[in-house]
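Asker: My questions all concern the structure below.
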Amino acid sequence: MRFDILTLFPAAFDSFVTTSIIARAINEKHIEVHTHNIRDWGMGKHRQVDDVPYGGGAGMLLRPEPLWGAIHHVKGLVADDAPVIYMTPQGEPFVQQSAEKMAKAHTRIILLCGHYEGIDYRIRESLVDAELRIGNYVLTGGELPAQIIIDAVSRLKKGVLGDDMSSHEESFSPALKRKKEYPHYTRPAEFQGMVVPDVLISGHHANIQKWREENCSD
């Protein structure tokens, strides 16, 4: 699966793509992550990308011209129907079902990271296919939400986690009826006076499964 990220700050993804599971997934060619600097399509000698909003108010908006050029360029890199997804507090909530749908429906996703006060609304109307938010709060830019989306979607793709069953039975999965996952324990069986529930070390698989189901939470 390929992710194309449009951002003013490509360096924000440097450690993200070179660390842990995402780095391994890239190295093993399960996913691709490409960043594109919106400023490359900026205007004039100083590569201007923003301006004051009509009607007044604090902050700056990303202008439509560089966004138009950047989006069309990235869409043209691959002959597909990759959706353009814009991260904004006004978008739909990004939940586990969103990640599952993306992982199943697409082989490429284009993520548009806004900044400052956001982007000119004409781009949202004409070139953006979906708008998502990761919570009911405001961030300084779309880079962190983009990383969250890449992580959540990637781990559902075959081979990314090593054991594909790792994502089968976990919080918010269909296997757990969208509930939160049950508690986990490892060795030692007793630590600082706290003990592992007897059922988990009983070896009785049916009872263990029953305990896990009963200890999932809404």
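As shown in the structure tokens, the chain order sets the letters A, B, ...; within each chain, residues go from 1, and ligands are also counted from 1 in the order they appear.
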Need to verify the contact set: Tyr185 in chain A, 12 Å, only C-alpha atoms, exclusion of same-chain residues closer than 5 positions in sequence. Can you return it as an MDAnalysis selection string?
Answerer: chainID A and resid 190:191 194:201 212
Asker: Would you list, as an MDAnalysis selection string, the residues of range 25-208 of chain A that end up in alpha helix (DSSP H) under DSSP run on this structure's backbone?
Answerer: chainID A and resid 25:27 64:75 96:105 121:126 143:154 205:208
Asker: Could you list, with a cut-off of 12 Å and counting only C-alpha atoms, the residues of range 92-191 of chain A near range 59-71 of chain A, each shown with its nearest atom pair and the distance in Å rounded to one decimal, rows sorted by chain and ascending number, as JSON lines?
Answerer:
{"residue": "A:Ile109", "atom": "CA", "partner": "A:Ile71", "partner_atom": "CA", "distance": 11.9}
{"residue": "A:Ile110", "atom": "CA", "partner": "A:Ile71", "partner_atom": "CA", "distance": 8.5}
{"residue": "A:Leu111", "atom": "CA", "partner": "A:Ile71", "partner_atom": "CA", "distance": 9.7}
{"residue": "A:Leu112", "atom": "CA", "partner": "A:Ile71", "partner_atom": "CA", "distance": 8.4}
{"residue": "A:Cys113", "atom": "CA", "partner": "A:Leu67", "partner_atom": "CA", "distance": 10.4}
{"residue": "A:Gly114", "atom": "CA", "partner": "A:Leu62", "partner_atom": "CA", "distance": 7.5}
{"residue": "A:His115", "atom": "CA", "partner": "A:Leu62", "partner_atom": "CA", "distance": 7.3}
{"residue": "A:Tyr116", "atom": "CA", "partner": "A:Met60", "partner_atom": "CA", "distance": 5.7}
{"residue": "A:Glu117", "atom": "CA", "partner": "A:Leu61", "partner_atom": "CA", "distance": 5.3}
{"residue": "A:Gly118", "atom": "CA", "partner": "A:Leu61", "partner_atom": "CA", "distance": 5.4}
{"residue": "A:Ile119", "atom": "CA", "partner": "A:Leu62", "partner_atom": "CA", "distance": 4.6}
{"residue": "A:Asp120", "atom": "CA", "partner": "A:Pro64", "partner_atom": "CA", "distance": 5.7}
{"residue": "A:Tyr121", "atom": "CA", "partner": "A:Pro64", "partner_atom": "CA", "distance": 8.3}
{"residue": "A:Arg122", "atom": "CA", "partner": "A:Pro64", "partner_atom": "CA", "distance": 7.1}
{"residue": "A:Ile123", "atom": "CA", "partner": "A:Pro64", "partner_atom": "CA", "distance": 6.1}
{"residue": "A:Arg124", "atom": "CA", "partner": "A:Pro64", "partner_atom": "CA", "distance": 9.5}
{"residue": "A:Glu125", "atom": "CA", "partner": "A:Pro64", "partner_atom": "CA", "distance": 11.2}
{"residue": "A:Ser126", "atom": "CA", "partner": "A:Trp68", "partner_atom": "CA", "distance": 9.4}
{"residue": "A:Leu127", "atom": "CA", "partner": "A:Ile71", "partner_atom": "CA", "distance": 7.7}
{"residue": "A:Val128", "atom": "CA", "partner": "A:Ile71", "partner_atom": "CA", "distance": 9.2}
{"residue": "A:Asp129", "atom": "CA", "partner": "A:Ile71", "partner_atom": "CA", "distance": 11.8}
{"residue": "A:Thr140", "atom": "CA", "partner": "A:Gly59", "partner_atom": "CA", "distance": 11.4}
{"residue": "A:Gly141", "atom": "CA", "partner": "A:Leu62", "partner_atom": "CA", "distance": 11.7}
Asker: Looking at A:Lys210, A:Arg133, A:Arg2, A:His34, which one is nearest to Val17 in chain A, with distances taken over only C-alpha atoms?
Answerer: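 Smallest distance to Val17 in chain A is found for A:His34.
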Asker: Return as a VMD selection string the full set of residues in range 146-206 of chain A whose backbone-based DSSP assignment is strand (DSSP E).
Answerer: chain A and resid 190 to 191 194 to 195
Asker: How would the residues just chosen look if you wrote them out with N, CA and C atoms as a PDB file, in the first residue's frame?
Answerer:
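For reference, again-v9.pdb as written:
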ATOM      1  N   GLU A 190       3.445 -13.850  39.906  1.00  0.00           N
ATOM      2  CA  GLU A 190       3.212 -12.956  41.043  1.00  0.00           C
ATOM      3  C   GLU A 190       4.262 -11.862  41.029  1.00  0.00           C
ATOM      4  N   PHE A 191       3.803 -10.619  41.194  1.00  0.00           N
ATOM      5  CA  PHE A 191       4.705  -9.473  41.189  1.00  0.00           C
ATOM      6  C   PHE A 191       4.199  -8.448  42.195  1.00  0.00           C
ATOM      7  N   MET A 194       0.875  -8.873  43.541  1.00  0.00           N
ATOM      8  CA  MET A 194      -0.217  -8.929  42.564  1.00  0.00           C
ATOM      9  C   MET A 194      -0.071 -10.199  41.740  1.00  0.00           C
ATOM     10  N   VAL A 195      -1.182 -10.907  41.546  1.00  0.00           N
ATOM     11  CA  VAL A 195      -1.109 -12.215  40.893  1.00  0.00           C
ATOM     12  C   VAL A 195      -1.911 -12.231  39.596  1.00  0.00           C
TER      13      VAL A 195
END
Asker: Could you check how far CA of Ile150 in chain A sits from CA of Ser166 in chain A, in Å to one decimal?
Answerer: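 Separation of CA of Ile150 in chain A and CA of Ser166 in chain A: 17.3 Å.
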Asker: When you look at range 152-160 of chain A with a cut-off of 7 Å (counting only C-alpha atoms), what residues show up, excluding the ones that are within fewer than 6 positions of it in the same chain? I need them as a ChimeraX atom specification.
Answerer: /A:25,30,99-100,102-103,167
Asker: Which residue is closest to Gln96 in chain A? Choose from A:Ala189, A:Ile31, A:Ala11, A:Ile149 and count only C-alpha atoms.
Answerer: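 Going through A:Ala189, A:Ile31, A:Ala11, A:Ile149 one by one, the smallest distance to Gln96 in chain A is for A:Ile149.
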Asker: How many Å separate CA of Phe16 in chain A from CA of Gln147 in chain A?
Answerer: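 One can read the CA of Phe16 in chain A to CA of Gln147 in chain A distance as 7.5 Å.
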Asker: Would you please work out which residue, of A:Gly162, A:Pro188, A:Gly193, A:Pro89, is nearest to Pro145 in chain A when using only C-alpha atoms?
Answerer: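 Counting only C-alpha atoms, the residue closest to Pro145 in chain A is A:Pro89.
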Asker: Quick one: distance from CA of Phe13 in chain A to CA of Pro53 in chain A in Å, one decimal?
Answerer: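 Interatomic distance, CA of Phe13 in chain A to CA of Pro53 in chain A: 28.4 Å.
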Asker: Between A:His73, A:Asp14, A:His106, A:Ile21, which residue has the minimum interatomic distance to Met1 in chain A, considering only C-alpha atoms?
Answerer: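 With only C-alpha atoms as the atom set, the closest residue is A:His106.
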